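Have a look at data.cif below; it lists mmCIF, C-alpha atoms.
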```cif
data_entry
loop_
_atom_site.label_atom_id
_atom_site.label_comp_id
_atom_site.auth_asym_id
_atom_site.auth_seq_id
_atom_site.Cartn_x
_atom_site.Cartn_y
_atom_site.Cartn_z
CA MET S 199 0.00 0.00 0.00
CA ILE S 200 1.25 3.39 -0.90
CA SER S 201 -0.25 6.57 0.48
CA GLY S 202 0.68 10.20 0.76
CA PRO S 203 -0.58 13.66 0.06
CA SER S 204 -1.65 14.68 -3.41
CA GLY S 205 1.44 16.15 -5.03
CA ALA S 206 3.89 13.90 -3.18
CA GLY S 207 4.51 12.03 -6.42
CA LYS S 208 3.34 8.55 -5.38
CA SER S 209 2.50 7.45 -8.91
CA THR S 210 5.77 8.67 -10.37
CA VAL S 211 7.73 6.84 -7.71
CA VAL S 212 5.85 3.57 -8.18
CA PHE S 213 5.89 3.70 -11.98
CA LYS S 214 9.64 4.34 -11.99
CA ALA S 215 10.20 1.50 -9.55
CA ILE S 216 8.15 -1.10 -11.40
CA GLU S 217 9.10 -0.09 -14.95
CA GLY S 218 9.92 -3.18 -16.97
CA ARG S 219 9.03 -5.52 -14.13
CA THR S 220 6.43 -8.21 -14.63
CA ASP S 221 6.03 -9.09 -10.96
CA PHE S 222 3.98 -6.00 -10.11
CA CYS S 223 0.38 -5.09 -10.71
CA PHE S 224 -2.03 -2.52 -9.40
CA SER S 225 -5.14 -3.54 -7.59
CA THR S 226 -8.36 -2.88 -9.49
CA SER S 227 -11.20 -1.50 -7.41
CA VAL S 228 -14.90 -2.15 -7.67
CA THR S 229 -17.26 0.80 -7.94
CA THR S 230 -20.98 1.36 -8.20
CA ARG S 231 -20.55 4.44 -10.35
CA LYS S 232 -21.29 4.17 -14.05
CA PRO S 233 -18.37 3.77 -16.45
CA ARG S 234 -17.30 6.97 -18.20
CA PRO S 235 -16.73 6.99 -21.95
CA GLY S 236 -13.61 4.97 -22.71
CA GLU S 237 -13.49 3.17 -19.38
CA VAL S 238 -13.32 -0.61 -19.61
CA ASP S 239 -14.71 -3.00 -17.02
CA GLY S 240 -11.82 -4.68 -15.24
CA ARG S 241 -9.31 -2.04 -16.35
CA GLU S 242 -10.13 1.26 -14.62
CA TYR S 243 -12.62 -0.44 -12.30
CA PHE S 244 -14.82 -3.43 -11.96
CA PHE S 245 -18.22 -1.83 -12.46
CA ILE S 246 -20.88 -3.42 -10.29
CA ASP S 247 -24.37 -2.50 -9.17
CA ARG S 248 -25.33 -1.39 -5.70
CA ALA S 249 -26.91 -4.73 -4.77
CA ARG S 250 -23.70 -6.61 -5.56
CA TYR S 251 -21.61 -3.96 -3.79
CA ASP S 252 -23.70 -4.15 -0.64
CA GLU S 253 -23.42 -7.92 -0.76
CA MET S 254 -19.62 -7.71 -1.06
CA VAL S 255 -19.52 -5.43 1.99
CA ARG S 256 -21.77 -7.79 3.93
CA GLN S 257 -19.81 -10.89 2.94
CA ASP S 258 -16.47 -9.24 3.83
CA GLU S 259 -15.35 -9.52 0.21
CA LEU S 260 -13.77 -6.05 0.26
CA LEU S 261 -10.44 -5.34 1.95
CA GLU S 262 -11.56 -1.75 2.34
CA HIS S 263 -14.42 0.35 1.08
CA ALA S 264 -15.70 3.89 1.20
CA GLU S 265 -18.43 6.05 -0.28
CA TYR S 266 -17.76 9.10 -2.44
CA VAL S 267 -20.50 11.24 -3.97
CA SER S 268 -23.11 8.54 -3.36
CA ASN S 269 -21.03 5.84 -5.02
CA GLY S 270 -19.35 2.91 -3.36
CA TYR S 271 -15.71 2.04 -4.01
CA GLY S 272 -13.78 -0.89 -2.67
CA THR S 273 -10.81 -3.24 -3.04
CA PRO S 274 -11.91 -6.79 -3.85
CA ARG S 275 -10.17 -9.27 -1.61
CA ALA S 276 -10.45 -12.16 -4.10
CA TYR S 277 -8.73 -10.17 -6.84
CA VAL S 278 -5.84 -9.18 -4.60
CA GLU S 279 -5.43 -12.69 -3.20
CA GLN S 280 -5.50 -14.18 -6.69
CA LYS S 281 -2.70 -11.86 -7.85
CA LEU S 282 -0.67 -12.54 -4.71
CA SER S 283 -1.04 -16.28 -5.23
CA GLU S 284 0.37 -15.77 -8.74
CA GLY S 285 3.47 -14.28 -7.12
CA MET S 286 2.64 -10.69 -8.00
CA ASN S 287 3.38 -7.68 -5.86
CA VAL S 288 0.00 -5.99 -5.70
CA VAL S 289 0.22 -2.22 -5.33
CA LEU S 290 -2.67 -0.35 -3.72
CA ASP S 291 -2.56 3.41 -4.17
CA ILE S 292 -4.82 4.18 -1.27
CA GLU S 293 -5.65 6.84 1.28
CA ILE S 294 -5.00 6.47 4.96
CA GLN S 295 -8.44 5.34 6.08
CA GLY S 296 -8.50 2.65 3.41
CA ALA S 297 -4.97 1.57 4.29
CA ARG S 298 -6.02 1.20 7.90
CA GLN S 299 -8.90 -1.09 6.89
CA VAL S 300 -6.64 -3.23 4.69
CA ARG S 301 -4.04 -3.55 7.45
CA GLU S 302 -6.72 -4.97 9.75
CA LYS S 303 -7.70 -7.62 7.22
CA MET S 304 -4.20 -8.32 5.89
CA PRO S 305 -1.77 -7.71 8.75
CA ASP S 306 1.20 -8.59 6.52
CA ALA S 307 0.40 -5.91 3.97
CA VAL S 308 3.24 -3.40 3.78
CA MET S 309 2.40 0.28 4.23
CA ILE S 310 4.51 2.99 2.65
CA PHE S 311 3.88 6.70 3.10
CA VAL S 312 5.36 9.07 0.53
CA ILE S 313 5.91 12.72 1.37
CA PRO S 314 7.42 15.67 -0.46
CA PRO S 315 10.63 17.15 1.00
CA SER S 316 8.68 20.03 2.57
CA MET S 317 5.27 21.68 2.62
CA GLU S 318 6.76 24.57 0.63
CA GLU S 319 7.85 22.12 -2.06
CA LEU S 320 4.40 20.49 -2.01
CA ARG S 321 2.79 23.90 -2.56
CA ARG S 322 5.24 24.65 -5.36
CA ARG S 323 4.45 21.35 -7.10
CA LEU S 324 0.72 21.84 -6.79
CA VAL S 325 0.95 25.41 -8.12
CA SER S 326 3.17 24.36 -11.02
CA ARG S 327 0.56 21.85 -12.16
CA GLY S 328 -1.50 24.91 -13.03
CA THR S 329 -4.75 22.98 -12.78
CA GLU S 330 -6.10 24.10 -9.44
CA SER S 331 -7.06 27.35 -7.76
CA LEU S 332 -4.95 28.60 -4.86
CA GLU S 333 -7.91 27.91 -2.61
CA VAL S 334 -7.98 24.26 -3.63
CA ILE S 335 -4.22 24.06 -3.21
CA GLU S 336 -4.37 25.49 0.32
CA GLY S 337 -7.04 22.90 1.07
CA ARG S 338 -4.67 20.17 -0.12
CA ILE S 339 -1.90 21.53 2.10
CA ARG S 340 -4.19 21.52 5.11
CA ARG S 341 -5.26 17.99 4.27
CA ALA S 342 -1.63 16.90 3.89
CA LYS S 343 -0.89 18.17 7.40
CA GLN S 344 -3.83 16.16 8.73
CA GLU S 345 -2.58 13.09 6.90
CA TYR S 346 0.89 13.48 8.39
CA ALA S 347 -0.66 13.42 11.84
CA GLU S 348 -2.42 10.13 11.05
CA ALA S 349 0.44 8.39 9.23
CA ASP S 350 2.38 7.22 12.25
CA PHE S 351 1.20 3.64 11.84
CA TYR S 352 2.84 3.25 8.43
CA ASP S 353 5.77 0.88 8.12
CA TYR S 354 7.98 2.99 5.87
CA LEU S 355 8.37 6.63 5.03
CA ILE S 356 9.84 7.76 1.72
CA VAL S 357 10.78 11.39 1.15
CA ASN S 358 10.35 12.08 -2.54
CA ASP S 359 12.97 14.74 -3.07
CA ASP S 360 14.38 12.89 -6.07
CA ALA S 361 12.10 10.53 -7.95
CA ASP S 362 14.87 8.10 -8.94
CA ARG S 363 16.11 7.83 -5.39
CA ALA S 364 12.58 7.47 -4.05
CA ALA S 365 11.88 4.75 -6.63
CA ALA S 366 15.02 2.92 -5.51
CA ASP S 367 13.79 3.26 -1.92
CA PHE S 368 10.47 1.70 -2.93
CA ALA S 369 12.22 -1.15 -4.75
CA ALA S 370 14.50 -1.80 -1.76
CA ILE S 371 11.51 -2.01 0.58
CA VAL S 372 9.78 -4.54 -1.66
CA ARG S 373 12.97 -6.57 -2.02
CA ALA S 374 13.64 -6.55 1.73
CA GLU S 375 10.06 -7.50 2.58
CA HIS S 376 10.41 -10.61 0.40
CA LEU S 377 13.40 -11.63 2.54
CA ARG S 378 11.51 -11.60 5.84
CA ALA S 379 12.43 -14.70 7.79
CA LYS S 380 8.94 -15.26 9.14
CA ASP S 381 7.69 -15.87 5.59
CA ARG S 382 10.63 -18.11 4.67
CA LEU S 383 10.88 -20.49 7.59
CA GLN S 384 10.27 -23.39 5.22
CA LEU S 385 13.79 -22.70 3.97
CA LEU S 386 15.08 -23.47 7.46
CA ASN S 387 13.17 -26.67 8.09
CA GLY S 388 12.14 -27.97 4.71
CA GLY S 389 14.19 -28.83 1.68
CA HIS S 390 17.35 -27.52 3.27
CA LEU S 391 17.81 -30.33 5.76
CA MET E 219 23.85 -8.54 12.83
CA ILE E 220 24.65 -11.23 10.37
CA SER E 221 24.76 -14.89 11.27
CA GLY E 222 24.75 -18.19 9.49
CA PRO E 223 26.60 -21.46 9.28
CA SER E 224 30.28 -21.57 8.51
CA GLY E 225 30.50 -21.87 4.71
CA ALA E 226 27.33 -19.89 4.03
CA GLY E 227 29.47 -17.05 2.72
CA LYS E 228 28.49 -14.33 5.19
CA SER E 229 31.74 -12.38 4.83
CA THR E 230 31.69 -12.50 1.04
CA VAL E 231 28.13 -11.22 0.99
CA VAL E 232 28.80 -8.36 3.40
CA PHE E 233 32.09 -7.32 1.78
CA LYS E 234 30.46 -7.25 -1.65
CA ALA E 235 27.56 -5.23 -0.30
CA ILE E 236 29.65 -2.59 1.47
CA GLU E 237 32.46 -2.32 -1.05
CA GLY E 238 33.25 1.32 -1.65
CA ARG E 239 30.78 2.51 0.96
CA THR E 240 31.94 4.71 3.80
CA ASP E 241 28.79 4.35 5.88
CA PHE E 242 29.59 0.83 7.08
CA CYS E 243 31.98 -0.51 9.67
CA PHE E 244 32.45 -3.75 11.53
CA SER E 245 32.15 -3.92 15.25
CA THR E 246 35.43 -4.56 17.08
CA SER E 247 35.21 -6.98 19.98
CA VAL E 248 37.04 -6.97 23.27
CA THR E 249 38.93 -10.09 24.33
CA THR E 250 41.00 -11.22 27.27
CA ARG E 251 43.23 -13.39 25.13
CA LYS E 252 46.75 -12.16 24.36
CA PRO E 253 47.38 -10.53 20.99
CA ARG E 254 48.97 -12.80 18.39
CA PRO E 255 51.96 -11.59 16.39
CA GLY E 256 50.79 -8.91 13.99
CA GLU E 257 47.52 -8.20 15.74
CA VAL E 258 46.91 -4.56 16.62
CA ASP E 259 44.90 -3.36 19.59
CA GLY E 260 41.69 -1.78 18.30
CA ARG E 261 41.95 -3.46 14.90
CA GLU E 262 41.46 -7.21 15.33
CA TYR E 263 40.29 -6.77 18.92
CA PHE E 264 40.47 -4.47 21.86
CA PHE E 265 42.81 -6.46 24.11
CA ILE E 266 41.87 -6.10 27.76
CA ASP E 267 42.71 -7.93 30.96
CA ARG E 268 40.36 -10.18 32.86
CA ALA E 269 39.67 -7.62 35.59
CA ARG E 270 38.52 -5.04 33.05
CA TYR E 271 36.51 -7.66 31.17
CA ASP E 272 34.73 -8.81 34.32
CA GLU E 273 34.00 -5.19 35.14
CA MET E 274 32.52 -4.62 31.66
CA VAL E 275 30.27 -7.64 32.13
CA ARG E 276 29.20 -6.42 35.57
CA GLN E 277 28.57 -2.86 34.39
CA ASP E 278 26.55 -4.06 31.38
CA GLU E 279 29.09 -2.51 29.01
CA LEU E 280 28.96 -5.49 26.65
CA LEU E 281 26.07 -6.05 24.23
CA GLU E 282 26.93 -9.74 24.29
CA HIS E 283 29.74 -11.84 25.64
CA ALA E 284 30.90 -15.43 25.74
CA GLU E 285 33.84 -17.51 26.87
CA TYR E 286 35.96 -19.60 24.50
CA VAL E 287 38.96 -21.64 25.63
CA SER E 288 39.15 -19.78 28.93
CA ASN E 289 39.12 -16.37 27.27
CA GLY E 290 36.33 -13.83 27.34
CA TYR E 291 35.04 -12.16 24.19
CA GLY E 292 32.42 -9.45 23.94
CA THR E 293 30.93 -6.61 21.92
CA PRO E 294 31.48 -3.24 23.60
CA ARG E 295 28.27 -1.24 23.75
CA ALA E 296 30.03 2.14 23.83
CA TYR E 297 31.96 1.42 20.63
CA VAL E 298 28.85 0.35 18.75
CA GLU E 299 26.81 3.28 20.01
CA GLN E 300 29.57 5.72 19.11
CA LYS E 301 29.70 4.40 15.52
CA LEU E 302 25.90 4.46 15.24
CA SER E 303 25.85 8.07 16.48
CA GLU E 304 28.31 8.90 13.68
CA GLY E 305 25.73 7.59 11.20
CA MET E 306 27.54 4.35 10.50
CA ASN E 307 25.90 1.02 9.83
CA VAL E 308 27.66 -1.22 12.30
CA VAL E 309 27.93 -4.83 11.13
CA LEU E 310 28.23 -7.59 13.71
CA ASP E 311 29.27 -10.97 12.32
CA ILE E 312 27.98 -12.97 15.22
CA GLU E 313 26.65 -16.37 16.18
CA ILE E 314 23.11 -17.02 17.23
CA GLN E 315 23.54 -16.91 21.00
CA GLY E 316 25.37 -13.59 20.77
CA ALA E 317 22.76 -12.20 18.40
CA ARG E 318 20.06 -13.14 20.87
CA GLN E 319 21.86 -11.22 23.63
CA VAL E 320 22.30 -8.15 21.43
CA ARG E 321 18.65 -8.19 20.42
CA GLU E 322 17.67 -8.04 24.08
CA LYS E 323 19.82 -4.98 24.68
CA MET E 324 19.21 -3.30 21.33
CA PRO E 325 15.71 -4.27 20.21
CA ASP E 326 16.07 -2.24 17.00
CA ALA E 327 19.14 -4.14 15.85
CA VAL E 328 18.44 -5.90 12.56
CA MET E 329 19.11 -9.62 12.39
CA ILE E 330 19.98 -11.30 9.11
CA PHE E 331 20.58 -15.01 8.74
CA VAL E 332 22.53 -16.20 5.70
CA ILE E 333 22.22 -19.77 4.47
CA PRO E 334 23.65 -21.71 1.54
CA PRO E 335 21.17 -22.95 -1.07
CA SER E 336 21.26 -26.47 0.40
CA MET E 337 23.11 -28.66 2.87
CA GLU E 338 24.67 -30.50 -0.07
CA GLU E 339 26.03 -27.21 -1.38
CA LEU E 340 27.30 -26.32 2.09
CA ARG E 341 29.16 -29.65 2.25
CA ARG E 342 30.55 -29.09 -1.23
CA ARG E 343 31.83 -25.61 -0.28
CA LEU E 344 33.42 -26.84 2.93
CA VAL E 345 35.11 -29.74 1.12
CA SER E 346 36.38 -27.49 -1.67
CA ARG E 347 38.12 -25.27 0.88
CA GLY E 348 40.38 -28.24 1.39
CA THR E 349 41.38 -27.13 4.88
CA GLU E 350 39.31 -29.41 7.08
CA SER E 351 38.89 -33.12 7.61
CA LEU E 352 35.65 -34.80 6.59
CA GLU E 353 34.96 -35.35 10.26
CA VAL E 354 35.20 -31.63 11.01
CA ILE E 355 33.04 -30.88 7.99
CA GLU E 356 30.33 -33.30 9.12
CA GLY E 357 30.47 -31.57 12.51
CA ARG E 358 29.87 -28.23 10.80
CA ILE E 359 26.92 -29.67 8.89
CA ARG E 360 25.39 -30.99 12.12
CA ARG E 361 25.96 -27.62 13.73
CA ALA E 362 24.38 -25.83 10.77
CA LYS E 363 21.24 -27.93 11.19
CA GLN E 364 21.09 -26.99 14.86
CA GLU E 365 21.53 -23.33 13.96
CA TYR E 366 18.69 -23.50 11.45
CA ALA E 367 16.43 -24.77 14.20
CA GLU E 368 17.31 -21.76 16.38
CA ALA E 369 17.23 -19.09 13.69
CA ASP E 370 13.49 -18.54 13.58
CA PHE E 371 13.73 -15.26 15.50
CA TYR E 372 15.84 -13.59 12.82
CA ASP E 373 14.28 -10.74 10.87
CA TYR E 374 15.58 -11.63 7.43
CA LEU E 375 16.79 -14.72 5.66
CA ILE E 376 19.16 -14.51 2.70
CA VAL E 377 19.88 -17.56 0.58
CA ASN E 378 23.40 -17.18 -0.74
CA ASP E 379 23.12 -19.05 -4.02
CA ASP E 380 24.69 -16.16 -5.90
CA ALA E 381 26.97 -13.80 -3.99
CA ASP E 382 26.05 -10.73 -6.08
CA ARG E 383 22.35 -11.32 -5.61
CA ALA E 384 22.81 -12.02 -1.92
CA ALA E 385 24.86 -8.83 -1.55
CA ALA E 386 22.08 -6.87 -3.26
CA ASP E 387 19.62 -8.50 -0.84
CA PHE E 388 21.75 -7.34 2.07
CA ALA E 389 21.98 -3.80 0.68
CA ALA E 390 18.21 -3.68 0.12
CA ILE E 391 17.57 -4.73 3.72
CA VAL E 392 19.85 -2.00 5.06
CA ARG E 393 18.28 0.59 2.76
CA ALA E 394 14.74 -0.43 3.70
CA GLU E 395 15.51 -0.45 7.42
CA HIS E 396 16.64 3.17 7.17
CA LEU E 397 13.21 4.03 5.76
CA ARG E 398 11.25 2.67 8.74
CA ALA E 399 8.57 5.16 9.65
CA LYS E 400 8.94 4.64 13.38
CA ASP E 401 12.48 6.04 13.20
CA ARG E 402 11.49 8.95 10.97
CA LEU E 403 8.42 10.36 12.64
CA GLN E 404 10.21 13.66 13.10
CA LEU E 405 9.75 14.05 9.33
CA LEU E 406 6.01 13.98 9.88
CA ASN E 407 5.80 16.43 12.74
CA GLY E 408 8.97 18.45 12.66
CA GLY E 409 10.45 20.54 9.88
CA HIS E 410 7.83 19.44 7.41
CA LEU E 411 4.95 21.40 8.89
#
```

Kindly return the structure encoded in the file as structure tokens.
Amino acid sequence: MISGPSGAGKSTVVFKAIEGRTDFCFSTSVTTRKPRPGEVDGREYFFIDRARYDEMVRQDELLEHAEYVSNGYGTPRAYVEQKLSEGMNVVLDIEIQGARQVREKMPDAVMIFVIPPSMEELRRRLVSRGTESLEVIEGRIRRAKQEYAEADFYDYLIVNDDADRAAADFAAIVRAEHLRAKDRLQLLNGGHL
Amino acid sequence: MISGPSGAGKSTVVFKAIEGRTDFCFSTSVTTRKPRPGEVDGREYFFIDRARYDEMVRQDELLEHAEYVSNGYGTPRAYVEQKLSEGMNVVLDIEIQGARQVREKMPDAVMIFVIPPSMEELRRRLVSRGTESLEVIEGRIRRAKQEYAEADFYDYLIVNDDADRAAADFAAIVRAEHLRAKDRLQLLNGGHL
């Protein structure tokens, strides 16, 4: 799971880190909202109706879920588990509340928080996008500060001051997590003896 | 801390990983044994007398200690803490019992266990050294199996089937451990806000 304020550069970091690698995929969410022109079921989202969504919530088939603008969104557990069983690293670009829900259901999920080098730099990046009013940008800054205050339960913290370095940080975390002894004890008492 | 059976290639892995890096050092142990010709105080060991050693044990100045052939050996806490405070990664090549003692005194110390790809490969490596009798080698194999059974409290497990890959594993673990959020919370509530 990767989280962090808008403008921290999460996507850039992840895309740089997984470029050319076939052992990574992104999780695909379910949503009750209607597909927009060009969106393909199973690519942007799995598009489902409200009855199915409510059933998934009830049956604990979603690792996390939330409502936005009267639509439900969620991360399907079966999809994630299927990809993991295929040996994939499944990346969830997710906000803090969702990450917290996933952690409860998958305690071994790894949580990475990405931050910009400073709030001033975050403001600069958001302004340089040129797509949002200063009011919206100040709202994002305020929200980022709130997120910082809630991010203390993350496992790792990456400062994205240089995207290549931050991508190498991300890759190192993934590599190290695959070396955890608790997940490899079969090497100590199985075929090795 | 790095541990593993004799012949697993611990030293090769670590030396490859830290080659050219100035942010790593090895811990230097204290010992009550007399220096051998060519050994320099503070390089191979800190050579101390029994009275001082016993005092270090009593005053909890050793992160771990053990007796071999009537001599005391130990890892001086002050030396390790000094190097850590200078920003160094301090590597302890240490056996399991010592690692367990260090973990108790420094809960944040990272424990890596290095194993060969198989017991057959371990035997092959020990034989190809050509320095030990088959009897000694079989003793090492038996000891390795015992060590495996005790190594389940290590944090990471590296299989040294390829020294370059294993060295990259080691480097990734060190890099990832420096990104742990719990050690970087000041980034979330200090200069960033």

>> Under the PyMOL selection byres ((chain E and resi 385) around 7), which residues of this model are included? Write them out as a list in words.
In response: Val231, Val232, Lys234, Ala235, Ala381, Asp382, Arg383, Ala384, Ala386, Asp387, Phe388 and Ala389 of chain E

Please write the residues from the selection above to a file, keeping C-alpha atoms, as a CSV table (one decimal), keeping the file's coordinate frame.
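Output file out05.csv follows:
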```csv
chain,number,residue,atom,x,y,z
E,231,VAL,CA,28.1,-11.2,1.0
E,232,VAL,CA,28.8,-8.4,3.4
E,234,LYS,CA,30.5,-7.2,-1.6
E,235,ALA,CA,27.6,-5.2,-0.3
E,381,ALA,CA,27.0,-13.8,-4.0
E,382,ASP,CA,26.0,-10.7,-6.1
E,383,ARG,CA,22.4,-11.3,-5.6
E,384,ALA,CA,22.8,-12.0,-1.9
E,386,ALA,CA,22.1,-6.9,-3.3
E,387,ASP,CA,19.6,-8.5,-0.8
E,388,PHE,CA,21.8,-7.3,2.1
E,389,ALA,CA,22.0,-3.8,0.7
```

Using 9 Å as the limit and counting all atoms listed in the file, can you tabulate each residue of chain E that touches chain S, with its shortest atom-to-atom distance in Å and the two atoms involved, as JSON lines?
```
{"residue": "E:Ile330", "atom": "CA", "partner": "S:Ala379", "partner_atom": "CA", "distance": 8.4}
{"residue": "E:Phe331", "atom": "CA", "partner": "S:Ala379", "partner_atom": "CA", "distance": 8.2}
{"residue": "E:Ile333", "atom": "CA", "partner": "S:Leu386", "partner_atom": "CA", "distance": 8.6}
{"residue": "E:Pro334", "atom": "CA", "partner": "S:His390", "partner_atom": "CA", "distance": 8.7}
{"residue": "E:Pro335", "atom": "CA", "partner": "S:His390", "partner_atom": "CA", "distance": 7.4}
{"residue": "E:Ser336", "atom": "CA", "partner": "S:His390", "partner_atom": "CA", "distance": 5.0}
{"residue": "E:Met337", "atom": "CA", "partner": "S:His390", "partner_atom": "CA", "distance": 5.9}
{"residue": "E:Glu338", "atom": "CA", "partner": "S:His390", "partner_atom": "CA", "distance": 8.6}
{"residue": "E:Lys363", "atom": "CA", "partner": "S:Leu391", "partner_atom": "CA", "distance": 6.9}
{"residue": "E:Tyr366", "atom": "CA", "partner": "S:Leu386", "partner_atom": "CA", "distance": 5.4}
{"residue": "E:Ala367", "atom": "CA", "partner": "S:Leu386", "partner_atom": "CA", "distance": 7.0}
{"residue": "E:Ala369", "atom": "CA", "partner": "S:Leu386", "partner_atom": "CA", "distance": 7.9}
{"residue": "E:Asp370", "atom": "CA", "partner": "S:Leu383", "partner_atom": "CA", "distance": 6.8}
{"residue": "E:Phe371", "atom": "CA", "partner": "S:Ala379", "partner_atom": "CA", "distance": 7.8}
{"residue": "E:Tyr372", "atom": "CA", "partner": "S:Ala379", "partner_atom": "CA", "distance": 6.2}
{"residue": "E:Asp373", "atom": "CA", "partner": "S:Ala379", "partner_atom": "CA", "distance": 5.3}
{"residue": "E:Tyr374", "atom": "CA", "partner": "S:Arg378", "partner_atom": "CA", "distance": 4.4}
{"residue": "E:Leu375", "atom": "CA", "partner": "S:Ala379", "partner_atom": "CA", "distance": 4.9}
{"residue": "E:Ile376", "atom": "CA", "partner": "S:Leu377", "partner_atom": "CA", "distance": 6.4}
{"residue": "E:Val377", "atom": "CA", "partner": "S:Leu385", "partner_atom": "CA", "distance": 8.7}
{"residue": "E:Asp387", "atom": "CA", "partner": "S:Ala374", "partner_atom": "CA", "distance": 6.8}
{"residue": "E:Phe388", "atom": "CA", "partner": "S:Ala374", "partner_atom": "CA", "distance": 8.2}
{"residue": "E:Ala389", "atom": "CA", "partner": "S:Ala370", "partner_atom": "CA", "distance": 8.1}
{"residue": "E:Ala390", "atom": "CA", "partner": "S:Ala370", "partner_atom": "CA", "distance": 4.6}
{"residue": "E:Ile391", "atom": "CA", "partner": "S:Ala374", "partner_atom": "CA", "distance": 4.8}
{"residue": "E:Val392", "atom": "CA", "partner": "S:Ala374", "partner_atom": "CA", "distance": 8.4}
{"residue": "E:Arg393", "atom": "CA", "partner": "S:Ala370", "partner_atom": "CA", "distance": 6.4}
{"residue": "E:Ala394", "atom": "CA", "partner": "S:Ile371", "partner_atom": "CA", "distance": 4.8}
{"residue": "E:Glu395", "atom": "CA", "partner": "S:Ile371", "partner_atom": "CA", "distance": 8.1}
{"residue": "E:His396", "atom": "CA", "partner": "S:Tyr354", "partner_atom": "CA", "distance": 8.8}
{"residue": "E:Leu397", "atom": "CA", "partner": "S:Tyr354", "partner_atom": "CA", "distance": 5.3}
{"residue": "E:Arg398", "atom": "CA", "partner": "S:Tyr354", "partner_atom": "CA", "distance": 4.4}
{"residue": "E:Ala399", "atom": "CA", "partner": "S:Tyr354", "partner_atom": "CA", "distance": 4.4}
{"residue": "E:Lys400", "atom": "CA", "partner": "S:Asp350", "partner_atom": "CA", "distance": 7.1}
{"residue": "E:Arg402", "atom": "CA", "partner": "S:Leu355", "partner_atom": "CA", "distance": 7.1}
{"residue": "E:Leu403", "atom": "CA", "partner": "S:Asp350", "partner_atom": "CA", "distance": 6.8}
{"residue": "E:Leu405", "atom": "CA", "partner": "S:Val357", "partner_atom": "CA", "distance": 8.7}
{"residue": "E:Leu406", "atom": "CA", "partner": "S:Tyr346", "partner_atom": "CA", "distance": 5.4}
{"residue": "E:Asn407", "atom": "CA", "partner": "S:Ala347", "partner_atom": "CA", "distance": 7.2}
{"residue": "E:Gly409", "atom": "CA", "partner": "S:Ser316", "partner_atom": "CA", "distance": 7.5}
{"residue": "E:His410", "atom": "CA", "partner": "S:Ser316", "partner_atom": "CA", "distance": 4.9}
{"residue": "E:Leu411", "atom": "CA", "partner": "S:Met317", "partner_atom": "CA", "distance": 6.3}
```

Limited to C-alpha atoms, could you put the picked residues into a file as a CSV table (one decimal), keeping the file's coordinate frame?
```
chain,number,residue,atom,x,y,z
E,330,ILE,CA,20.0,-11.3,9.1
E,331,PHE,CA,20.6,-15.0,8.7
E,333,ILE,CA,22.2,-19.8,4.5
E,334,PRO,CA,23.6,-21.7,1.5
E,335,PRO,CA,21.2,-23.0,-1.1
E,336,SER,CA,21.3,-26.5,0.4
E,337,MET,CA,23.1,-28.7,2.9
E,338,GLU,CA,24.7,-30.5,-0.1
E,363,LYS,CA,21.2,-27.9,11.2
E,366,TYR,CA,18.7,-23.5,11.4
E,367,ALA,CA,16.4,-24.8,14.2
E,369,ALA,CA,17.2,-19.1,13.7
E,370,ASP,CA,13.5,-18.5,13.6
E,371,PHE,CA,13.7,-15.3,15.5
E,372,TYR,CA,15.8,-13.6,12.8
E,373,ASP,CA,14.3,-10.7,10.9
E,374,TYR,CA,15.6,-11.6,7.4
E,375,LEU,CA,16.8,-14.7,5.7
E,376,ILE,CA,19.2,-14.5,2.7
E,377,VAL,CA,19.9,-17.6,0.6
E,387,ASP,CA,19.6,-8.5,-0.8
E,388,PHE,CA,21.8,-7.3,2.1
E,389,ALA,CA,22.0,-3.8,0.7
E,390,ALA,CA,18.2,-3.7,0.1
E,391,ILE,CA,17.6,-4.7,3.7
E,392,VAL,CA,19.8,-2.0,5.1
E,393,ARG,CA,18.3,0.6,2.8
E,394,ALA,CA,14.7,-0.4,3.7
E,395,GLU,CA,15.5,-0.4,7.4
E,396,HIS,CA,16.6,3.2,7.2
E,397,LEU,CA,13.2,4.0,5.8
E,398,ARG,CA,11.2,2.7,8.7
E,399,ALA,CA,8.6,5.2,9.6
E,400,LYS,CA,8.9,4.6,13.4
E,402,ARG,CA,11.5,9.0,11.0
E,403,LEU,CA,8.4,10.4,12.6
E,405,LEU,CA,9.8,14.0,9.3
E,406,LEU,CA,6.0,14.0,9.9
E,407,ASN,CA,5.8,16.4,12.7
E,409,GLY,CA,10.4,20.5,9.9
E,410,HIS,CA,7.8,19.4,7.4
E,411,LEU,CA,5.0,21.4,8.9
```

> Between CA of Gly296 (chain S) and CA of Arg321 (chain S), what is the distance, to one decimal in Å?
Replying inline: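 That distance, rounded to one decimal, is 24.8 Å.
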
> Residues picked by the PyMOL selection byres ((chain S and resi 248) around 10) here, as JSON, numbers by chain?
Replying inline: {"S": [229, 230, 231, 245, 246, 247, 249, 250, 251, 252, 253, 254, 269, 270]}

Would you put the residues from that selection into a file with C-alpha atoms, as a CSV table (one decimal), in the frame of the given file?
```csv
chain,number,residue,atom,x,y,z
S,229,THR,CA,-17.3,0.8,-7.9
S,230,THR,CA,-21.0,1.4,-8.2
S,231,ARG,CA,-20.6,4.4,-10.4
S,245,PHE,CA,-18.2,-1.8,-12.5
S,246,ILE,CA,-20.9,-3.4,-10.3
S,247,ASP,CA,-24.4,-2.5,-9.2
S,249,ALA,CA,-26.9,-4.7,-4.8
S,250,ARG,CA,-23.7,-6.6,-5.6
S,251,TYR,CA,-21.6,-4.0,-3.8
S,252,ASP,CA,-23.7,-4.2,-0.6
S,253,GLU,CA,-23.4,-7.9,-0.8
S,254,MET,CA,-19.6,-7.7,-1.1
S,269,ASN,CA,-21.0,5.8,-5.0
S,270,GLY,CA,-19.4,2.9,-3.4
```
